[in-house]
Every structure is written in C-alpha cells, then in structure tokens.
Amino acid sequence: MIDPRISVIHERLRNVRNIIAVSSGKGGVGKSLVASAAALTLARKGFKVALFDLDFTSPSSHIILGIDDLQPKEEKGIIPPEVHGLKYMSIVYYAGERASPLRGADISNALIELFAVTIWGDLDFLIIDMPPGISDATLDLLRFVGNIKFLIVTTPSQLAFETVRKFIELLSEIKVPVIGVIENMKMKDSTFIKQQVESKGVRFLGEIPFDPQLEESIGNVERFLATRFSKALEKIIERNLKPG
Amino acid sequence: MHEWALAEAVITTAFQIAEKENLEEIIEVNIKLGELQQVDLDIFKFALSQLKPPLLKNAKFNVTRMNAKFKCRACGHEWSFNDVAIDEDAREAIHFVPEIAHTYVKCPRCGSPDFEVLQGRGVWIDSVVGAKRDD
Ligand SMILES: Nc1ncnc2c1ncn2[C@@H]1O[C@H](COP(=O)(O)OP(=O)(O)OP(=O)(O)O)[C@@H](O)[C@H]1O
Ligand SMILES: [Mg+2]
Ligand SMILES: [Zn+2]
C-alpha cells in the first residue's frame, strides 16, 4: 500500500520560496512568540507570509495572534484564512479548544495530511512554529518537506543551550541549513551563548531582552508588535533575513 | 471539496509510479478509502476523472471502502466507527484531519482517548496496473 499524500507535498510548496522552522531543543524558550512576531513583521514589510502552527498537541500561536472563530475555506483543498496580513494555519481549526492526545504516528499522519491538502499559493515565507525538541514534527519535516531552514531559539540558560547544541549538531551532520540562533529572554550582559554558537560555526543572530510587558500584549497584535520583544526581533530580521 | 486535493495526490503518485516503472499507460489504479475520513465518493471520483493526465486517460479507478476499526490501548477493547456517536462538527473536523478522532472519540468501554486506528483511516493506493513500454 502506498500513501498518495507524500508525493503531492512538493507540489503544494512549489511557490513557497522560504520555509523557516522556528525550533529549539528546549520547550518554553519563546519559539511561538518568535515565530508569530517574525511572521507579522515580515508581512508588514510587504512580504507574502504564512504561519503554520505545527505544535499539534499544544498549539499556542492562535492565542498570540488573538484568533478565535476563524475557519479555513475549502476549495479543491484547504485555503488558510488571512488574518493580520498573513495566512494562518493551525490544528485548532479542527480541534477547537479541546485537547488532542496524539502519539507520534498520529502527529506524523496529521502533519502529512495538512501539508498534502493545504493550498498556500505564492509565498515569500512560510514560518513554522515547531513543538519543542527534536520531535516527530522535526523528523517529518526533514523527511517529507525538505528545503527547510531552521531558525533556532535559546535562552541564556546553559540548560537550554545544551539541548540547542545537540540540535545544531544534528542538523549540521545531516546538512540541513541553520539560519542561526536567537538568544531570547536576555537579562544580563554575557557573551556565553554567542561564543558557544559561533564556535559551532553557526551564526548568532542577536538577542531579545526579557520583556516584562510581553505577557499582557499577548492576543493583541498591535500591542504585541510594539513590545521591546518584537522591536528587538524586527532588528534581527532586518539584519539577517533576505528572501531568496 | 478537499476531495480534490486527495484526488490530486492519488493522480500525482500514480503518475510517479508510472514514470519509475517505465509504464506507457496506466490501466488501473486500485484505491482504498477509509471510512474515518468520510470522503465523498462522487466528488472524489469526479475529481479523479477531471485531473487525469494523458498517461492515465484510460485508467480505471477501483475504489474499495474500508471500515474504520479502533483498538483501545488502555483496555484492549475493539470497536467500529458506528459504535460511537459523533456529532456533525466533529465528523467534519475528522474529515479534514482523521487524527482529530482522538479529540472527539473515546473508548466506548473505558473512556480512554488513547486508541489506535487499526484500519480505515484515509486514502491509500493499493496498486497501480499499467502497460510497459516495449523498449
Ligand atoms: N523575551 C521575553 N520576555 C518575557 N517573557 C518571555 C519572553 N520570551 C518568552 N517569554 C514567555 O515565555 C513563555 C513561553 O513562550 P512561548 O510559548 O513562545 O515558548 P515556546 O518555546 O513556544 O514554548 P513551547 O515549547 O511550549 O512551545 C511565555 O509565557 C512568554 O510570555
Ligand atoms: Mg510554542
Ligand atoms: Zn478502553
């Protein structure tokens, strides 16, 4: 038996110029916030952008974007709705606010299904909010999607970086491009992470300060984009991301 | 209507198989349709007929339906799709992403959401029959 969905995935992504997986070895480091702010910022700069939440068991980017009551259109495939200037796709359209207790094989199946039927159209950037760690989603993206670049998020903590180090080493071993590492929730001056990252031959993209105002901006896109967090990320994007 | 996207996947895969096996023409595509995904057979077949490239122009699409079967990982109970009541919204969500069954369906015996879909999830190609190029 052959799974017909796999072969159509490349067709679906044919006009997507950059696929960026926002990842980390560690949970809770700010991946969803970075992915959301990056997608919004790029969209405001005039790029065609989509955001895809691949954290199927704990989706959270819809909360950051303040989305409830949105549904994709069905038209020879699934057309992700546009919100805040970007196309947005998430399992919450189907699971709602209920828990989705999915095992690895289920996660792979759902991922393949959504990549096989979602019609993205023409995109400069498809930003993916990844679940933590070297997960099923990571391995499936590498296997079925290809042509992916990883944007890695860490915190200043040695504990976070230890997992990130393994993640970077794995990606470079299998020759997957890493755009670079962002150090989030920076609280005091230290070049520890920067040095560590550069010693691995990976670009250190910049740092984002710990921002006590961030939490109350969640759900309100204008306020979110005005935070020190989003401003710092915008600078990092301007310095580092060139479409092409 | 996302039956069209699934039909396109079938056509693309059949086409790739034909190229790989150096087939001159595809005569038959045998497809299994799982009950869980609730694919609309008429739309699906219509989409297949509209999407087929010249290599598949005479192809016959044989679609076999497969009942969905579930097995609970907690208590071992096995059941089928019709044994559980699922409302319209849930059916619709499961139609798009069959794994969403885990969000709505529980084991009818012990209530666990930790079950396995033994068969009948979605669309599979069973086999592709074609005529070889004679070179
Ligand atoms: N720069 C920052 N300043 C203050 N708080 C932050 C900052 N970055 C992230 N946070 C907080 O950290 C928490 C985790 O953020 P987020 O959900 O984006 O992380 P994540 O890596 O996506 O987590 P998960 O691994 O669960 O997906 C949030 O509560 C967020 O408010
Ligand atoms: Mg997250
Ligand atoms: Zn049970």
# chains A, B, ... in the order shown; residues from 1 in each chain; ligands from 1
>>> residues_near_ligand(ligand="ligand 2", cutoff="12 Å", atoms="only C-alpha atoms and all ligand atoms", output="PyMOL selection string")
chain A and resi 21-36+52-64+128-133+153
>>> write_last_selection(atoms="N, CA and C atoms", output="short mmCIF file (atom, residue, chain, number, x, y, z; two decimals), in the first residue's frame")
data_model
loop_
_atom_site.label_atom_id
_atom_site.label_comp_id
_atom_site.auth_asym_id
_atom_site.auth_seq_id
_atom_site.Cartn_x
_atom_site.Cartn_y
_atom_site.Cartn_z
N ALA A 21 11.60 26.89 9.88
CA ALA A 21 11.08 26.22 11.07
C ALA A 21 11.70 26.87 12.29
N VAL A 22 10.87 27.50 13.11
CA VAL A 22 11.35 28.12 14.34
C VAL A 22 11.37 27.03 15.42
N SER A 23 12.57 26.66 15.83
CA SER A 23 12.73 25.46 16.65
C SER A 23 13.67 25.71 17.83
N SER A 24 13.71 24.72 18.70
CA SER A 24 14.67 24.74 19.80
C SER A 24 14.77 23.33 20.35
N GLY A 25 15.88 23.04 20.99
CA GLY A 25 15.95 21.77 21.68
C GLY A 25 15.05 21.78 22.91
N LYS A 26 14.73 22.98 23.35
CA LYS A 26 14.07 23.15 24.65
C LYS A 26 12.66 23.72 24.50
N GLY A 27 11.80 23.40 25.44
CA GLY A 27 10.46 23.98 25.48
C GLY A 27 10.46 25.31 26.22
N GLY A 28 9.46 26.12 25.93
CA GLY A 28 9.23 27.34 26.69
C GLY A 28 10.26 28.44 26.52
N VAL A 29 11.03 28.40 25.42
CA VAL A 29 12.08 29.41 25.23
C VAL A 29 11.61 30.61 24.41
N GLY A 30 10.39 30.54 23.87
CA GLY A 30 9.86 31.66 23.09
C GLY A 30 9.70 31.38 21.61
N LYS A 31 9.67 30.11 21.22
CA LYS A 31 9.52 29.76 19.80
C LYS A 31 8.24 30.32 19.20
N SER A 32 7.13 30.11 19.90
CA SER A 32 5.84 30.54 19.34
C SER A 32 5.78 32.06 19.22
N LEU A 33 6.35 32.76 20.22
CA LEU A 33 6.35 34.22 20.16
C LEU A 33 7.27 34.71 19.05
N VAL A 34 8.43 34.08 18.90
CA VAL A 34 9.35 34.48 17.83
C VAL A 34 8.72 34.19 16.46
N ALA A 35 8.13 33.00 16.31
CA ALA A 35 7.52 32.64 15.02
C ALA A 35 6.39 33.63 14.68
N SER A 36 5.56 33.94 15.66
CA SER A 36 4.43 34.84 15.42
C SER A 36 4.91 36.25 15.08
N PHE A 52 2.32 28.62 10.15
CA PHE A 52 1.74 27.29 10.33
C PHE A 52 2.15 26.79 11.71
N ASP A 53 1.17 26.56 12.57
CA ASP A 53 1.46 26.05 13.91
C ASP A 53 1.52 24.53 13.85
N LEU A 54 2.73 24.00 13.98
CA LEU A 54 2.90 22.54 13.90
C LEU A 54 3.00 21.91 15.28
N ASP A 55 2.71 22.69 16.31
CA ASP A 55 2.71 22.11 17.66
C ASP A 55 1.30 21.59 17.92
N PHE A 56 1.01 20.41 17.33
CA PHE A 56 -0.36 19.90 17.32
C PHE A 56 -0.92 19.60 18.70
N THR A 57 -0.06 19.16 19.61
CA THR A 57 -0.61 18.81 20.93
C THR A 57 -0.70 20.03 21.85
N SER A 58 0.10 21.07 21.59
CA SER A 58 -0.01 22.30 22.40
C SER A 58 0.06 23.54 21.53
N PRO A 59 -0.89 23.70 20.62
CA PRO A 59 -0.83 24.89 19.76
C PRO A 59 -1.01 26.15 20.59
N SER A 60 -0.25 27.20 20.26
CA SER A 60 -0.43 28.43 21.02
C SER A 60 -0.35 29.70 20.19
N SER A 61 0.07 29.62 18.93
CA SER A 61 0.22 30.87 18.17
C SER A 61 -1.13 31.56 17.94
N HIS A 62 -2.24 30.79 17.91
CA HIS A 62 -3.54 31.44 17.73
C HIS A 62 -3.88 32.37 18.90
N ILE A 63 -3.35 32.04 20.07
CA ILE A 63 -3.60 32.89 21.24
C ILE A 63 -2.77 34.18 21.12
N ILE A 64 -1.53 34.02 20.66
CA ILE A 64 -0.67 35.19 20.48
C ILE A 64 -1.30 36.14 19.46
N ILE A 128 7.14 28.31 10.38
CA ILE A 128 6.54 27.19 11.11
C ILE A 128 6.88 27.28 12.59
N ASP A 129 5.83 27.28 13.40
CA ASP A 129 6.00 27.26 14.85
C ASP A 129 6.10 25.79 15.26
N MET A 130 7.30 25.40 15.69
CA MET A 130 7.57 23.98 15.94
C MET A 130 7.33 23.60 17.40
N PRO A 131 7.00 22.33 17.62
CA PRO A 131 6.99 21.84 19.01
C PRO A 131 8.44 21.75 19.51
N PRO A 132 8.62 21.67 20.83
CA PRO A 132 9.99 21.64 21.36
C PRO A 132 10.72 20.35 21.04
N GLY A 133 12.03 20.46 20.99
CA GLY A 133 12.88 19.28 20.88
C GLY A 133 13.02 18.76 19.47
N VAL A 153 15.90 29.01 18.56
CA VAL A 153 15.74 29.92 19.70
C VAL A 153 16.31 29.26 20.95
#
>>> residues_near_ligand(ligand="ligand 3", cutoff="7 Å", atoms="only C-alpha atoms and all ligand atoms", output="PyMOL selection string")
chain B and resi 72-77+107-112
>>> write_last_selection(atoms="all heavy atoms", output="mmCIF file, in the first residue's frame")
data_model
loop_
_atom_site.group_PDB
_atom_site.id
_atom_site.type_symbol
_atom_site.label_atom_id
_atom_site.label_comp_id
_atom_site.auth_asym_id
_atom_site.auth_seq_id
_atom_site.Cartn_x
_atom_site.Cartn_y
_atom_site.Cartn_z
ATOM 1 N N CYS B 72 -8.512 0.128 21.698
ATOM 2 C CA CYS B 72 -8.111 0.910 22.872
ATOM 3 C C CYS B 72 -6.762 0.424 23.400
ATOM 4 O O CYS B 72 -6.560 -0.777 23.591
ATOM 5 C CB CYS B 72 -9.167 0.792 23.963
ATOM 6 S SG CYS B 72 -8.749 1.700 25.450
ATOM 7 N N ARG B 73 -5.857 1.369 23.641
ATOM 8 C CA ARG B 73 -4.552 0.987 24.191
ATOM 9 C C ARG B 73 -4.628 0.780 25.698
ATOM 10 O O ARG B 73 -3.770 0.134 26.282
ATOM 11 C CB ARG B 73 -3.515 2.065 23.893
ATOM 12 C CG ARG B 73 -3.062 2.114 22.449
ATOM 13 C CD ARG B 73 -1.728 2.851 22.338
ATOM 14 N NE ARG B 73 -1.205 2.810 20.996
ATOM 15 C CZ ARG B 73 -1.434 3.731 20.066
ATOM 16 N NH1 ARG B 73 -2.195 4.770 20.349
ATOM 17 N NH2 ARG B 73 -0.906 3.614 18.874
ATOM 18 N N ALA B 74 -5.658 1.327 26.305
ATOM 19 C CA ALA B 74 -5.775 1.194 27.758
ATOM 20 C C ALA B 74 -6.399 -0.146 28.148
ATOM 21 O O ALA B 74 -5.896 -0.839 29.024
ATOM 22 C CB ALA B 74 -6.596 2.350 28.320
ATOM 23 N N CYS B 75 -7.503 -0.551 27.460
ATOM 24 C CA CYS B 75 -8.198 -1.756 27.913
ATOM 25 C C CYS B 75 -8.287 -2.842 26.830
ATOM 26 O O CYS B 75 -8.793 -3.938 27.092
ATOM 27 C CB CYS B 75 -9.598 -1.410 28.428
ATOM 28 S SG CYS B 75 -10.792 -1.050 27.127
ATOM 29 N N GLY B 76 -7.817 -2.536 25.623
ATOM 30 C CA GLY B 76 -7.785 -3.561 24.585
ATOM 31 C C GLY B 76 -9.071 -3.733 23.797
ATOM 32 O O GLY B 76 -9.120 -4.496 22.832
ATOM 33 N N HIS B 77 -10.112 -3.019 24.184
ATOM 34 C CA HIS B 77 -11.403 -3.121 23.505
ATOM 35 C C HIS B 77 -11.294 -2.698 22.035
ATOM 36 O O HIS B 77 -10.585 -1.751 21.711
ATOM 37 C CB HIS B 77 -12.414 -2.228 24.237
ATOM 38 C CG HIS B 77 -13.799 -2.272 23.664
ATOM 39 N ND1 HIS B 77 -14.544 -3.421 23.629
ATOM 40 C CD2 HIS B 77 -14.563 -1.302 23.106
ATOM 41 C CE1 HIS B 77 -15.720 -3.153 23.057
ATOM 42 N NE2 HIS B 77 -15.748 -1.875 22.726
ATOM 43 N N CYS B 107 -12.809 5.587 23.971
ATOM 44 C CA CYS B 107 -13.110 4.163 24.007
ATOM 45 C C CYS B 107 -14.492 3.962 24.635
ATOM 46 O O CYS B 107 -14.740 4.429 25.749
ATOM 47 C CB CYS B 107 -12.055 3.424 24.828
ATOM 48 S SG CYS B 107 -12.525 1.727 25.221
ATOM 49 N N PRO B 108 -15.399 3.278 23.910
ATOM 50 C CA PRO B 108 -16.754 3.111 24.463
ATOM 51 C C PRO B 108 -16.784 2.250 25.727
ATOM 52 O O PRO B 108 -17.765 2.288 26.464
ATOM 53 C CB PRO B 108 -17.534 2.447 23.327
ATOM 54 C CG PRO B 108 -16.548 2.011 22.322
ATOM 55 C CD PRO B 108 -15.259 2.733 22.568
ATOM 56 N N ARG B 109 -15.705 1.507 25.979
ATOM 57 C CA ARG B 109 -15.725 0.683 27.183
ATOM 58 C C ARG B 109 -15.122 1.410 28.385
ATOM 59 O O ARG B 109 -15.728 1.456 29.448
ATOM 60 C CB ARG B 109 -14.980 -0.636 26.957
ATOM 61 C CG ARG B 109 -15.131 -1.564 28.155
ATOM 62 C CD ARG B 109 -14.922 -3.009 27.783
ATOM 63 N NE ARG B 109 -13.526 -3.377 27.896
ATOM 64 C CZ ARG B 109 -13.027 -4.540 27.470
ATOM 65 N NH1 ARG B 109 -13.815 -5.422 26.878
ATOM 66 N NH2 ARG B 109 -11.770 -4.806 27.620
ATOM 67 N N CYS B 110 -13.919 2.035 28.218
ATOM 68 C CA CYS B 110 -13.261 2.613 29.398
ATOM 69 C C CYS B 110 -13.118 4.126 29.330
ATOM 70 O O CYS B 110 -12.674 4.749 30.286
ATOM 71 C CB CYS B 110 -11.891 1.965 29.616
ATOM 72 S SG CYS B 110 -10.621 2.557 28.486
ATOM 73 N N GLY B 111 -13.462 4.738 28.190
ATOM 74 C CA GLY B 111 -13.416 6.195 28.115
ATOM 75 C C GLY B 111 -12.058 6.782 27.757
ATOM 76 O O GLY B 111 -11.884 7.997 27.726
ATOM 77 N N SER B 112 -11.082 5.926 27.460
ATOM 78 C CA SER B 112 -9.742 6.451 27.145
ATOM 79 C C SER B 112 -9.685 7.037 25.728
ATOM 80 O O SER B 112 -10.284 6.502 24.801
ATOM 81 C CB SER B 112 -8.725 5.316 27.254
ATOM 82 O OG SER B 112 -7.479 5.741 26.732
#
>>> interface_residues(of="chain A", to="chain B", cutoff="8 Å", atoms="only C-alpha atoms", output="PyMOL selection string")
chain A and resi 1-8+74-78+94-95+98-102+106-107+109-110+113-114+116-117
>>> residues_around(residues="A:Asn18", least_positions_apart="4", cutoff="9 Å", atoms="only C-alpha atoms", output="PyMOL selection string")
chain A and resi 123-127+147-149+243-244
>>> atom_distance(atom1="atom CA of B:Glu25", atom2="atom CA of B:Lys132")
7.4 Å
>>> atom_distance(atom1="atom CA of B:Glu24", atom2="atom CA of B:Val129")
10.9 Å
>>> residues_around(residues="A:Arg143", least_positions_apart="3", cutoff="12 Å", atoms="only C-alpha atoms", output="list in words")
Ile6, Ser7, Ile9, His10, Ser108, Leu111, Ile112, Asp136, Ala137, Thr138, Leu139, Asp140, Gly146, Asn147, Ile148, Ile174 and Val176 of chain A
>>> select_by_dssp(residues="stretch 9-228 of chain A", states="alpha helix (DSSP H)", output="PyMOL selection string")
chain A and resi 9-12+31-44+61-64+92-95+104-117+136-140+158-173+192-199+214-217+221-225+228
>>> select_by_dssp(residues="chain B", states="strand (DSSP E or B)", output="PyMOL selection string")
chain B and resi 23-34+60-66+69-72+78-80+115-119+123-132
>>> write_last_selection(atoms="C-alpha atoms", output="PDB file, in the first residue's frame")
ATOM      1  CA  LEU B  23       4.846   2.397 -17.956  1.00  0.00           C
ATOM      2  CA  GLU B  24       3.431   3.523 -21.238  1.00  0.00           C
ATOM      3  CA  GLU B  25      -0.033   3.780 -19.876  1.00  0.00           C
ATOM      4  CA  ILE B  26      -1.840   3.245 -16.600  1.00  0.00           C
ATOM      5  CA  ILE B  27      -4.757   0.856 -16.904  1.00  0.00           C
ATOM      6  CA  GLU B  28      -5.940   0.519 -13.348  1.00  0.00           C
ATOM      7  CA  VAL B  29      -5.474   2.294 -10.030  1.00  0.00           C
ATOM      8  CA  ASN B  30      -6.716   0.414  -7.003  1.00  0.00           C
ATOM      9  CA  ILE B  31      -7.618   2.719  -4.160  1.00  0.00           C
ATOM     10  CA  LYS B  32      -8.670   2.060  -0.585  1.00  0.00           C
ATOM     11  CA  LEU B  33     -10.871   4.688   1.053  1.00  0.00           C
ATOM     12  CA  GLY B  34     -11.032   4.614   4.820  1.00  0.00           C
ATOM     13  CA  LYS B  60      -9.961   2.747 -14.337  1.00  0.00           C
ATOM     14  CA  PHE B  61     -10.105   3.802 -10.706  1.00  0.00           C
ATOM     15  CA  ASN B  62     -11.295   0.983  -8.491  1.00  0.00           C
ATOM     16  CA  VAL B  63     -12.265   2.311  -5.105  1.00  0.00           C
ATOM     17  CA  THR B  64     -12.793  -0.064  -2.192  1.00  0.00           C
ATOM     18  CA  ARG B  65     -14.184   1.240   1.046  1.00  0.00           C
ATOM     19  CA  MET B  66     -12.575   0.128   4.305  1.00  0.00           C
ATOM     20  CA  LYS B  69     -11.659  -0.101  13.282  1.00  0.00           C
ATOM     21  CA  PHE B  70     -10.311   1.139  16.569  1.00  0.00           C
ATOM     22  CA  LYS B  71      -8.466  -0.543  19.402  1.00  0.00           C
ATOM     23  CA  CYS B  72      -8.111   0.910  22.872  1.00  0.00           C
ATOM     24  CA  GLU B  78     -12.025  -3.044  19.745  1.00  0.00           C
ATOM     25  CA  TRP B  79     -14.870  -1.145  18.116  1.00  0.00           C
ATOM     26  CA  SER B  80     -16.002   0.325  14.838  1.00  0.00           C
ATOM     27  CA  PHE B 115      -6.638   4.262  20.957  1.00  0.00           C
ATOM     28  CA  GLU B 116      -5.200   3.038  17.730  1.00  0.00           C
ATOM     29  CA  VAL B 117      -6.872   3.280  14.331  1.00  0.00           C
ATOM     30  CA  LEU B 118      -6.369  -0.312  13.170  1.00  0.00           C
ATOM     31  CA  GLN B 119      -7.731   0.326   9.690  1.00  0.00           C
ATOM     32  CA  VAL B 123      -6.838   7.309   1.264  1.00  0.00           C
ATOM     33  CA  TRP B 124      -4.364   4.631   0.162  1.00  0.00           C
ATOM     34  CA  ILE B 125      -3.209   3.364  -3.199  1.00  0.00           C
ATOM     35  CA  ASP B 126      -3.277  -0.415  -3.142  1.00  0.00           C
ATOM     36  CA  SER B 127      -1.728  -0.962  -6.561  1.00  0.00           C
ATOM     37  CA  VAL B 128      -1.190   0.556  -9.964  1.00  0.00           C
ATOM     38  CA  VAL B 129      -1.520  -1.634 -13.045  1.00  0.00           C
ATOM     39  CA  GLY B 130      -0.040  -0.498 -16.339  1.00  0.00           C
ATOM     40  CA  ALA B 131       1.352  -1.485 -19.690  1.00  0.00           C
ATOM     41  CA  LYS B 132       5.155  -1.433 -20.008  1.00  0.00           C
TER      42      LYS B 132
END
>>> atom_distance(atom1="atom 9 (C, counted along the ligand's line) of ligand 1", atom2="atom CA of A:Phe150")
18.5 Å
>>> closest_residue(among="A:Ala39, A:Ile67, A:Val178, A:Ile152", to="ligand 1", atoms="only C-alpha atoms and all ligand atoms")
A:Ile152
>>> residues_around(residues="stretch 222-239 of chain A", least_positions_apart="5", cutoff="12 Å", atoms="only C-alpha atoms", output="PyMOL selection string")
chain A and resi 30-31+33-45+63-66+84+151+153+179-186+203-217
>>> write_last_selection(atoms="C-alpha atoms", output="PDB file, in the first residue's frame")
ATOM      1  CA  GLY A  30       9.857  31.656  23.089  1.00  0.00           C
ATOM      2  CA  LYS A  31       9.520  29.760  19.796  1.00  0.00           C
ATOM      3  CA  LEU A  33       6.353  34.223  20.158  1.00  0.00           C
ATOM      4  CA  VAL A  34       9.347  34.476  17.830  1.00  0.00           C
ATOM      5  CA  ALA A  35       7.517  32.644  15.024  1.00  0.00           C
ATOM      6  CA  SER A  36       4.428  34.844  15.419  1.00  0.00           C
ATOM      7  CA  ALA A  37       6.350  38.119  15.652  1.00  0.00           C
ATOM      8  CA  ALA A  38       8.561  37.133  12.715  1.00  0.00           C
ATOM      9  CA  ALA A  39       5.559  36.274  10.546  1.00  0.00           C
ATOM     10  CA  LEU A  40       3.730  39.512  11.447  1.00  0.00           C
ATOM     11  CA  THR A  41       6.849  41.635  10.938  1.00  0.00           C
ATOM     12  CA  LEU A  42       7.637  40.134   7.536  1.00  0.00           C
ATOM     13  CA  ALA A  43       4.017  40.571   6.462  1.00  0.00           C
ATOM     14  CA  ARG A  44       4.136  44.257   7.452  1.00  0.00           C
ATOM     15  CA  LYS A  45       7.274  44.677   5.392  1.00  0.00           C
ATOM     16  CA  ILE A  63      -3.598  32.894  21.243  1.00  0.00           C
ATOM     17  CA  ILE A  64      -0.672  35.194  20.478  1.00  0.00           C
ATOM     18  CA  LEU A  65      -2.464  36.399  17.334  1.00  0.00           C
ATOM     19  CA  GLY A  66      -5.768  36.751  19.188  1.00  0.00           C
ATOM     20  CA  HIS A  84      -3.330  40.350  10.296  1.00  0.00           C
ATOM     21  CA  LEU A 151      15.783  29.287  12.998  1.00  0.00           C
ATOM     22  CA  VAL A 153      15.736  29.925  19.697  1.00  0.00           C
ATOM     23  CA  ILE A 179      19.820  30.337   9.609  1.00  0.00           C
ATOM     24  CA  GLY A 180      21.183  30.999  13.060  1.00  0.00           C
ATOM     25  CA  VAL A 181      20.416  31.220  16.755  1.00  0.00           C
ATOM     26  CA  ILE A 182      18.438  33.877  18.618  1.00  0.00           C
ATOM     27  CA  GLU A 183      19.086  34.325  22.321  1.00  0.00           C
ATOM     28  CA  ASN A 184      15.774  35.170  23.974  1.00  0.00           C
ATOM     29  CA  MET A 185      14.908  36.418  27.485  1.00  0.00           C
ATOM     30  CA  LYS A 186      18.283  38.052  27.921  1.00  0.00           C
ATOM     31  CA  ARG A 203      25.523  32.444  13.059  1.00  0.00           C
ATOM     32  CA  PHE A 204      24.466  34.191  16.224  1.00  0.00           C
ATOM     33  CA  LEU A 205      21.615  36.367  15.010  1.00  0.00           C
ATOM     34  CA  GLY A 206      21.121  38.541  18.063  1.00  0.00           C
ATOM     35  CA  GLU A 207      19.412  38.797  21.411  1.00  0.00           C
ATOM     36  CA  ILE A 208      15.932  39.670  22.643  1.00  0.00           C
ATOM     37  CA  PRO A 209      15.628  41.145  26.151  1.00  0.00           C
ATOM     38  CA  PHE A 210      13.427  39.722  28.842  1.00  0.00           C
ATOM     39  CA  ASP A 211      10.339  41.909  28.477  1.00  0.00           C
ATOM     40  CA  PRO A 212       8.016  42.182  31.468  1.00  0.00           C
ATOM     41  CA  GLN A 213       5.352  43.833  29.270  1.00  0.00           C
ATOM     42  CA  LEU A 214       5.246  40.953  26.829  1.00  0.00           C
ATOM     43  CA  GLU A 215       2.676  38.797  28.612  1.00  0.00           C
ATOM     44  CA  GLU A 216      -0.037  41.465  28.647  1.00  0.00           C
ATOM     45  CA  SER A 217       0.404  42.103  24.908  1.00  0.00           C
TER      46      SER A 217
END
>>> closest_residue(among="A:Ser190, A:Thr163, A:Thr154, A:Ser90", to="ligand 1", atoms="only C-alpha atoms and all ligand atoms")
A:Thr154
